[in-house]
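One structure is given here, and the rest of the page talks about it.
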Amino acid sequence: MFGKQAYELLQEVASVPADNLPPFNEEAFRSVIDEVHMQHERLTTVYNESRERHRQRQEEEGGDPEEAAAGWQGTEAEATELMVYHSAILRNKRLLFTYVKERAERIQELRWTHRTLPEHVKANLSPLEQQYFRQYDRLLNKYCRSGGQGVGLDLTADPTPPDDPYVQVRVLRDYADVVFSSGKVSLRRGKSHWLPSDEVHPLVMDGVLELVGGTGGS
Amino acid sequence: MDTQDTEFDFLQSGPASTSGRSDAEQLKSALQNEKAAPEILQYETDLIARIEQNLDYQDEQIELLKENDDMKLLVEIYLSELSRVRYLLRAYLRVRLQKIERHVMHILDNADVAARLSAKEAQFARDYFVLFGGHMRAAAASHLPDAFSSLVRQASAHPGKDMVPAPDLDRHAFCRVLEDRGSVTVDEEGNVAEFNRGDLFVIRYRAIQQLLAEGAVELL
Amino acid sequence: MGSDYYSVSSLLAEETYVPVRLVHGCTGVGCVIDPSSDRPDLPAGARLDLPLWMVPLMAGRNMLQADLPVFYGNKMRRKMKAGAGCEDLRVRCPHYYTVATQLHAAMQASVTADEDFPAFILNTFRKRYKELLTKAPQVESSLEASQIQTKLSAEESQLFTAAAEASAAYHRWRSSGDSRPLVRVCSVKRKWAESGGEGDENAVANAAG
Amino acid sequence: MAYCRQGQWPCTPEEMHFNAKDELITIVPNFSLPTENATATCIGGEFGPFQPNREVAVPLWLAHTLWKRKKCTIKAPDWMNAEHLDAVLGLERQDASAFQPLPFHYIEMAHFLFTSGTDGNLPQEVFGDELARVKDLVELVQKARMNKILAGLTTLQSAMTVKLNHLAAMEINAVRPFFLGSLDMFWKFQQMEEGAIGGTQGHGGSLGSGQRQQQQQQAPARQLRAGR
């Protein structure tokens with residue numbers, strides 16, 4: 001039945017969770033394209049043959065051949081056949097377009113959540129899709145950057161609401177004066193400080209600082 | 001809406017209890033409206049300009065104050081608020097980009113909708129359309145017979161652009177009334193509702209589309 | 001039509017087969033559209049099943065007349081009247097409501113519309129809606145959710161999932177304190193609606209449409 | 001978070017919680033800000049003045065920031081006392097069709113005040129001996145209101161404009177996807193039904209007063225009720 005393979009093609013991507021992509025099915029995609037061209041060729045042939053038969057009928061009846069120039073002159077049954085081909089082409093087109101668009105949307109989503117393509121996904125993309133990711137990356141960077149066409153904000157940052165940007169830490173051993181975005185702090189053993197949460201991680205990992213009771217939770 | 005004449009003169013936007021809604025509150029409301037509306041709304045040009053100006057000013061204040069140990073607490077207060085306002089601004093710009101991507105062809109096809117975009121968003125929309133359209137053409141359309149290769153019409157003989165995704169204005173939404181409007185028609189049957197300040201409704205978006213544009217309601 | 005051209009759920013729904021009668025018959029493609037036929041031409045009045053995607057264009061030109069499939073028929077209506085909540089819609093027609101709205105439009109176009117059909121669909125949803133409403137917040141496990149969902153149409157499943165997720169998100173929030181982890185980990189894995197592809201927003205809209 | 005597919009469900013509970021932190025609450029500072037007026041000039045407004053033992057209303061986020069640094073004590077909001085909550089609970093239970101006025105973010109504020117503090121000390125500090133009673137009453141009020149919402153939802157039979165005054169943020173959020181999704185579906189089926197009768201669908205154009213409106217009897221928006 002017409003459109004069956006295109007339907008299965010779309011189901012391939014629809015049945016996979018949205019944060020993943022199955023391989024681009026080049027073979028099935030090409031097969032559907034071939035089906036469309038076959039349908040279009042048949043549609044054209046039926047239309048032309050029907051017009052030719054009508055023209056011949058007109059000549060046999062001694063009518064004016066010019067009258068046969070415009071519009072549909074075939075039978076209703078032939079019109080129905082044409083509509084089968086026409087609707088099948090539209091169906092295949094819609095399924096193919098949605099297949100490509102759905103995959104493109106997931107590729108865009110990956111740029112928002114991953115910045116770069118995970119290797120397991122990259123292997124599943126067609127060359128055109130890999131190019132699409134790179135171009136979308138450039139477009140988004142252009143919009144986010146400072147100056148010119150950009151808004152000067154990385155819109156992929158802070159997907160969830162921020163909490164207090166500070167955490168309370170205790171100094172575990174004498175260290176040094178450290179310059180944080182909030183100012184210079186002298187890290188002496190035993191002292192407590194409120195420091196920007198996104199800047200203390202290295203010092204916590206080095207054992208210089210420890211967190212004091214989280215950011216306020218019980 | 002008051003426009004900034006002098007730099008840093010943002011004390012005009014005081015707390016809600018004294019002189020209307022602050023810029024931060026207006027930004028939050030603009031974000032909520034944008035998130036809850038099916039279509040893209042008018043870009044809040046003046047508000048965003050003020051917000052960005054004030055963010056820069058606060059950054060400058062922090063740079064001036066951070067060397068002073070006595071001002072440490074004030075710096076922490078400023079930085080805490082900045083992270084909140086920046087989150088709202090990012091979220092606002094982000095949700096609008098999502099809508100632009102989703103309805104790019106509809107937006108570019110309708111001058112009144114395109115006029116709702118900022119200059120940078122309009123550029124993004126044009127760039128995105130070129131990118132997305134080029135991909136659709138290269139990956140799919142160029143492989144189809146000419147009569148069926150359009151990106152906007154299912155078949156070139158079709159009169160309407162029957163492939164262009166558009167927002168569904170008949171979706172329902174929660175909204176709150178900000179200004180008394182009396183009797184408001186809420187559907188095609190002629191049913192009405194009394195819209196008084198503070199009322200909370202669940203209603204089809206189409207019924208309050210114009211009121212939202214006028215600032216008489218906000219979405220929740 | 002344009003607003004849901006790319007809707008995955010609509011595309012899946014339109015693969016549903018419906019019974020039709022060809023008004024003028026058909027030349028050439030008989031074997032293609034009717035697997036039981038071994039001749040290229042079909043006579044006027046021929047009855048067969050066609051996928052829904054093919055029906056509206058042909059109904060609009062009076063090339064066929066569409067009928068209601070059995071899962072919208074009198075027997076089904078009696079069963080629904082007796083106990084709508086118990087019926088398994090998925091096994092009969094996964095996209096029960098989407099197919100109904102599109103099929104009804106096609107039948108209107110070919111003047112074979114059943115006047116009672118819209119009321120039947122509306123009442124079916126009314127009755128089953130209550131079941132969804134009461135069950136969704138009470139779901140304790142994904143297994144339980146799966147058991148409930150096996151009987152739901154795609155549209156109902158979308159609503160059920162949305163309600164259950166909203167409830168779960170609220171309870172997760174309630175059980176957390178005001179503290180947050182120091183370093184946020186953006187989760188790669190996300191739970192996704194069973195209807196696939198399209199986002200929740202579009203899926204709900206298209207389920208209703 | 002799904003960036004491009006958030007769609008109809010605009011807010012997570014975390015986002016509502018974030019929004020709730022802009023609600024005002026009264027604190028008593030133990031410090032003075034070394035600024036001209038002892039105030040903090042922020043984008044969200046001018047907060048303060050901050051002077052020892054002088055009550056001042058500030059956003060919850062600021063109250064939390066100061067409290068964690070031991071710079072203030074936090075006072076319970078007026079609505080969060082046992083006597084008032086008991087009265088609210090009684091009224092919620094009496095009236096099946098309306099909700100009592102409470103702060104839009106009452107759930108998040110209560111949650112914050114009940115769960116903050118490194119050793120559970122904030123709730124004790126704010127509520128003292130009333131803590132257990134206030135917690136119980138807030139929970140009962142929430143349950144009474146949510147039961148009322150769900151009872152009202154079970155009566156939903158068609159798409160309609162519904163007035164829900166005083167519904168709170170988290171309550172909206174909890175019912176939003178199901179409620180709005182269901183209304184959308186009801187509306188689609190009703191359009192289908194109207195089409196069968198021969199009426200015109202409401203696609204395109206405004207809701208202006210047309211000839212059809214004059215022929216129809218005008219009915220007010222229906223109140224979502226339980227037990228109809």
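Convention: chains lettered A, B, ... in structure tokens order; per-chain residue numbering from 1; ligands numbered from 1 as shown.
Residues with any atom within 7 Å of segment 47-63 of chain D, counting only C-alpha atoms and excluding same-chain neighbours fewer than 4 positions away, are Lys21, Asp22, Glu23, Leu24, Ile25, Thr26, Ile27, Val28, Pro29, Asn30, Phe31, Ser32, Leu33, Asn37, Ala38, Thr39, Ala40, Thr41 and Trp67 of chain D.
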Just write the chosen residues, C-alpha atoms, as a short mmCIF file (atom, residue, chain, number, x, y, z; two decimals), in the first residue's frame.
data_model
loop_
_atom_site.label_atom_id
_atom_site.label_comp_id
_atom_site.auth_asym_id
_atom_site.auth_seq_id
_atom_site.Cartn_x
_atom_site.Cartn_y
_atom_site.Cartn_z
CA LYS D 21 10.62 34.18 46.67
CA ASP D 22 9.53 37.63 45.50
CA GLU D 23 6.67 37.63 48.01
CA LEU D 24 7.18 40.07 50.86
CA ILE D 25 7.79 38.96 54.41
CA THR D 26 8.57 40.92 57.56
CA ILE D 27 12.02 40.64 59.11
CA VAL D 28 13.77 42.26 62.06
CA PRO D 29 17.38 43.10 61.13
CA ASN D 30 20.24 43.14 63.62
CA PHE D 31 22.45 45.27 61.43
CA SER D 32 22.57 48.59 59.66
CA LEU D 33 23.49 48.98 55.99
CA ASN D 37 19.44 55.72 53.81
CA ALA D 38 20.48 52.28 55.06
CA THR D 39 18.66 50.87 52.02
CA ALA D 40 19.63 48.53 49.21
CA THR D 41 18.77 49.95 45.81
CA TRP D 67 18.72 35.04 57.77
#
Practice problem: Would you list the contacts of segment 19-22 of chain C as a VMD selection string, taking every protein, DNA or RNA residue within 10 Å and counting only C-alpha atoms, but skipping same-chain residues closer than 4 positions in sequence? | Solution: (chain A and resid 77 80) or (chain C and resid 26 42 to 52 55 58 to 59 62 to 70)
Quiz item: Which chain A residues are at most 8 Å from chain B (counting only C-alpha atoms), as a VMD selection string?
Solution: chain A and resid 33 36 to 37 40 90 93 to 94 96 to 97 100 to 101 128 132 135 to 136 139 143 149 to 151 153 to 155 157 to 159 161 to 162 164 to 166 182 to 184
Produce a file of the selected residues containing C-alpha atoms, as a PDB file, in the first residue's frame.
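Output file result.pdb follows:
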ATOM      1  CA  ILE A  33      11.576   9.084  -2.849  1.00  0.00           C
ATOM      2  CA  VAL A  36       6.939   9.287  -5.052  1.00  0.00           C
ATOM      3  CA  HIS A  37       8.570   9.538  -8.474  1.00  0.00           C
ATOM      4  CA  HIS A  40       4.140  11.080 -10.073  1.00  0.00           C
ATOM      5  CA  LEU A  90       1.033  14.299  -0.500  1.00  0.00           C
ATOM      6  CA  LYS A  93       5.787  14.186   1.190  1.00  0.00           C
ATOM      7  CA  ARG A  94       4.291  14.938   4.593  1.00  0.00           C
ATOM      8  CA  LEU A  96       9.270  12.568   4.623  1.00  0.00           C
ATOM      9  CA  PHE A  97       9.200  16.215   5.620  1.00  0.00           C
ATOM     10  CA  VAL A 100      13.493  15.289   8.459  1.00  0.00           C
ATOM     11  CA  LYS A 101      11.987  18.034  10.632  1.00  0.00           C
ATOM     12  CA  LEU A 128      23.549  16.948   6.069  1.00  0.00           C
ATOM     13  CA  TYR A 132      22.854  21.338  10.255  1.00  0.00           C
ATOM     14  CA  GLN A 135      25.204  25.742  11.350  1.00  0.00           C
ATOM     15  CA  TYR A 136      22.589  25.897  14.099  1.00  0.00           C
ATOM     16  CA  LEU A 139      23.422  30.739  14.519  1.00  0.00           C
ATOM     17  CA  TYR A 143      22.401  35.450  18.769  1.00  0.00           C
ATOM     18  CA  GLN A 149      23.385  40.859  16.548  1.00  0.00           C
ATOM     19  CA  GLY A 150      23.820  39.235  19.934  1.00  0.00           C
ATOM     20  CA  VAL A 151      22.061  39.679  23.243  1.00  0.00           C
ATOM     21  CA  LEU A 153      23.735  36.232  27.319  1.00  0.00           C
ATOM     22  CA  ASP A 154      24.321  32.513  27.018  1.00  0.00           C
ATOM     23  CA  LEU A 155      20.705  31.404  26.847  1.00  0.00           C
ATOM     24  CA  ALA A 157      22.852  28.691  30.944  1.00  0.00           C
ATOM     25  CA  ASP A 158      20.524  28.575  33.950  1.00  0.00           C
ATOM     26  CA  PRO A 159      17.876  26.211  32.545  1.00  0.00           C
ATOM     27  CA  PRO A 161      15.918  28.657  38.591  1.00  0.00           C
ATOM     28  CA  PRO A 162      19.027  29.706  40.523  1.00  0.00           C
ATOM     29  CA  ASP A 164      21.420  31.687  46.423  1.00  0.00           C
ATOM     30  CA  PRO A 165      24.628  32.266  44.416  1.00  0.00           C
ATOM     31  CA  TYR A 166      26.562  32.019  47.683  1.00  0.00           C
ATOM     32  CA  SER A 182      32.777  39.123  45.248  1.00  0.00           C
ATOM     33  CA  GLY A 183      36.176  40.407  46.327  1.00  0.00           C
ATOM     34  CA  LYS A 184      39.457  39.269  47.876  1.00  0.00           C
TER      35      LYS A 184
END
Exercise. Mind listing the alpha helix (DSSP H) residues of segment 1-225 of chain D, per DSSP on the backbone, as a ChimeraX atom specification?
Key: /D:13-20,60-68,82-94,106-115,121-127,131-154,169-197,211-215
Just to be explicit: take each residue in the selection above, keep C-alpha atoms, and write the result as a short mmCIF file (atom, residue, chain, number, x, y, z; two decimals), in the first residue's frame.
data_model
loop_
_atom_site.label_atom_id
_atom_site.label_comp_id
_atom_site.auth_asym_id
_atom_site.auth_seq_id
_atom_site.Cartn_x
_atom_site.Cartn_y
_atom_site.Cartn_z
CA PRO D 13 7.28 23.57 40.91
CA GLU D 14 10.86 24.84 41.17
CA GLU D 15 10.00 27.81 38.98
CA MET D 16 6.91 28.54 41.05
CA HIS D 17 9.10 28.34 44.14
CA PHE D 18 11.51 30.78 42.50
CA ASN D 19 8.64 33.16 41.77
CA ALA D 20 7.35 32.83 45.32
CA LEU D 60 11.54 36.20 50.68
CA TRP D 61 14.80 35.67 48.77
CA LEU D 62 16.35 38.62 50.57
CA ALA D 63 14.97 37.53 53.92
CA HIS D 64 16.50 34.11 53.35
CA THR D 65 19.85 35.58 52.30
CA LEU D 66 20.03 37.72 55.43
CA TRP D 67 18.72 35.04 57.77
CA LYS D 68 21.30 32.49 56.65
CA ALA D 82 -3.33 29.05 64.06
CA GLU D 83 -6.44 31.08 64.75
CA HIS D 84 -6.64 32.57 61.29
CA LEU D 85 -5.85 29.29 59.55
CA ASP D 86 -8.51 27.52 61.58
CA ALA D 87 -11.05 30.08 60.41
CA VAL D 88 -9.89 29.72 56.81
CA LEU D 89 -10.19 25.95 57.06
CA GLY D 90 -13.73 26.22 58.35
CA LEU D 91 -14.73 28.51 55.50
CA GLU D 92 -13.02 26.33 52.90
CA ARG D 93 -15.03 23.38 54.14
CA GLN D 94 -18.29 25.29 54.26
CA TYR D 106 0.95 30.53 50.11
CA ILE D 107 2.03 26.91 49.51
CA GLU D 108 5.61 27.84 48.60
CA MET D 109 5.92 30.31 51.46
CA ALA D 110 4.72 27.75 53.96
CA HIS D 111 7.06 25.15 52.46
CA PHE D 112 9.98 27.54 52.77
CA LEU D 113 9.22 28.46 56.35
CA PHE D 114 8.69 24.83 57.35
CA THR D 115 11.77 23.34 55.69
CA ASN D 121 15.83 26.02 63.43
CA LEU D 122 14.00 28.46 61.15
CA PRO D 123 10.54 26.94 61.68
CA GLN D 124 11.07 26.87 65.43
CA GLU D 125 12.27 30.43 65.37
CA VAL D 126 9.34 31.68 63.35
CA PHE D 127 6.46 29.72 64.87
CA LEU D 131 4.70 25.16 64.76
CA ALA D 132 3.03 21.74 64.79
CA ARG D 133 -0.44 23.23 64.82
CA VAL D 134 0.30 25.68 62.00
CA LYS D 135 1.85 22.90 59.89
CA ASP D 136 -1.21 20.72 60.41
CA LEU D 137 -3.61 23.52 59.56
CA VAL D 138 -1.77 24.54 56.39
CA GLU D 139 -1.79 20.91 55.29
CA LEU D 140 -5.52 20.64 56.01
CA VAL D 141 -6.24 23.85 54.13
CA GLN D 142 -4.26 22.58 51.15
CA LYS D 143 -6.09 19.29 51.19
CA ALA D 144 -9.50 20.95 51.53
CA ARG D 145 -8.78 23.23 48.59
CA MET D 146 -7.32 20.49 46.39
CA ASN D 147 -10.30 18.24 47.11
CA LYS D 148 -12.55 21.13 46.15
CA ILE D 149 -10.63 21.64 42.91
CA LEU D 150 -10.82 17.97 42.00
CA ALA D 151 -14.50 17.78 42.89
CA GLY D 152 -15.10 20.73 40.63
CA LEU D 153 -13.11 19.15 37.84
CA THR D 154 -15.23 16.02 37.97
CA ALA D 169 0.05 29.29 42.10
CA MET D 170 0.93 25.72 43.03
CA GLU D 171 -2.71 24.73 42.79
CA ILE D 172 -2.91 26.11 39.27
CA ASN D 173 0.28 24.29 38.41
CA ALA D 174 -0.94 20.98 39.78
CA VAL D 175 -4.10 20.95 37.69
CA ARG D 176 -2.91 22.92 34.68
CA PRO D 177 -1.95 20.18 32.22
CA PHE D 178 -4.98 18.02 32.85
CA PHE D 179 -7.45 20.89 33.15
CA LEU D 180 -6.29 22.81 30.09
CA GLY D 181 -5.75 19.66 28.04
CA SER D 182 -9.25 18.45 28.84
CA LEU D 183 -10.84 21.80 28.05
CA ASP D 184 -9.03 21.84 24.72
CA MET D 185 -10.38 18.37 23.91
CA PHE D 186 -13.92 19.27 25.00
CA TRP D 187 -13.72 22.32 22.79
CA LYS D 188 -12.62 20.33 19.76
CA PHE D 189 -15.44 17.84 20.17
CA GLN D 190 -17.95 20.63 20.64
CA GLN D 191 -16.76 22.23 17.42
CA MET D 192 -17.33 18.86 15.80
CA GLU D 193 -20.84 18.76 17.22
CA GLU D 194 -21.57 22.30 16.10
CA GLY D 195 -20.43 21.37 12.64
CA ALA D 196 -22.96 18.53 12.56
CA ILE D 197 -25.78 20.90 13.47
CA GLN D 211 -25.63 39.14 14.55
CA ARG D 212 -25.44 35.67 16.03
CA GLN D 213 -24.73 37.07 19.45
CA GLN D 214 -27.89 39.14 19.35
CA GLN D 215 -29.95 36.04 18.72
#
Quiz item: Between C:Leu133, C:Leu89, C:Leu57, C:Leu143, which one has atoms that come closest to chain D, using only C-alpha atoms?
Solution: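 Using only C-alpha atoms, the shortest distance to chain D belongs to C:Leu133.
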Quiz item: For chain A against chain C, which residues fall within 8 Å using only C-alpha atoms, given as number ranges by chain?
Solution: A: 1-2, 7, 13-19, 76-81, 83-84, 87-88, 91, 94-95, 97-98, 101-102, 113, 163, 197-198, 214-218
Quiz prompt | Pick from B:Ile208, B:Met105, B:Ala216, B:Cys175, whichever lies nearest to chain C using only C-alpha atoms | solution = B:Met105
Exercise. Select all residues from chain B having any atom no more than 8 Å from an atom of chain C (counting only C-alpha atoms, ignoring ligands), output as a list in words.
Key: Lys161, Asp162, Met163, Val164, Pro165, Ala166, Pro167, Asp168 and Arg171 of chain B
Please dump the current selection as an mmCIF file, in the first residue's frame; keep N, CA, C and O atoms.
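So the final result, stored in out_32.cif, reads:
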data_model
loop_
_atom_site.group_PDB
_atom_site.id
_atom_site.type_symbol
_atom_site.label_atom_id
_atom_site.label_comp_id
_atom_site.auth_asym_id
_atom_site.auth_seq_id
_atom_site.Cartn_x
_atom_site.Cartn_y
_atom_site.Cartn_z
ATOM 1 N N LYS B 161 -1.176 28.339 1.797
ATOM 2 C CA LYS B 161 0.073 27.792 2.333
ATOM 3 C C LYS B 161 -0.291 26.797 3.427
ATOM 4 O O LYS B 161 -0.286 27.117 4.618
ATOM 5 N N ASP B 162 -0.593 25.585 2.997
ATOM 6 C CA ASP B 162 -1.166 24.597 3.905
ATOM 7 C C ASP B 162 -0.121 23.719 4.580
ATOM 8 O O ASP B 162 -0.440 22.631 5.037
ATOM 9 N N MET B 163 1.136 24.192 4.636
ATOM 10 C CA MET B 163 2.178 23.448 5.349
ATOM 11 C C MET B 163 2.777 24.251 6.493
ATOM 12 O O MET B 163 3.691 23.786 7.161
ATOM 13 N N VAL B 164 2.277 25.456 6.727
ATOM 14 C CA VAL B 164 2.940 26.368 7.666
ATOM 15 C C VAL B 164 2.369 26.218 9.065
ATOM 16 O O VAL B 164 1.210 26.560 9.301
ATOM 17 N N PRO B 165 3.176 25.697 10.024
ATOM 18 C CA PRO B 165 2.681 25.595 11.408
ATOM 19 C C PRO B 165 2.365 26.970 11.983
ATOM 20 O O PRO B 165 3.150 27.897 11.861
ATOM 21 N N ALA B 166 1.197 27.078 12.597
ATOM 22 C CA ALA B 166 0.760 28.329 13.209
ATOM 23 C C ALA B 166 0.286 28.049 14.622
ATOM 24 O O ALA B 166 -0.113 26.932 14.934
ATOM 25 N N PRO B 167 0.330 29.044 15.496
ATOM 26 C CA PRO B 167 -0.141 28.818 16.867
ATOM 27 C C PRO B 167 -1.642 28.568 16.912
ATOM 28 O O PRO B 167 -2.395 29.125 16.121
ATOM 29 N N ASP B 168 -2.055 27.759 17.842
ATOM 30 C CA ASP B 168 -3.464 27.428 18.037
ATOM 31 C C ASP B 168 -4.044 28.383 19.081
ATOM 32 O O ASP B 168 -3.819 28.218 20.279
ATOM 33 N N ARG B 171 -6.475 27.412 22.265
ATOM 34 C CA ARG B 171 -6.042 26.720 23.468
ATOM 35 C C ARG B 171 -6.515 27.492 24.691
ATOM 36 O O ARG B 171 -6.636 28.714 24.669
#
Practice problem: Using only C-alpha atoms, find the one residue out of A:Thr116, A:Asn141, A:Gln108, A:Ser186 that sits nearest to chain D. | Solution: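 So, comparing all the options, the nearest one is A:Gln108.
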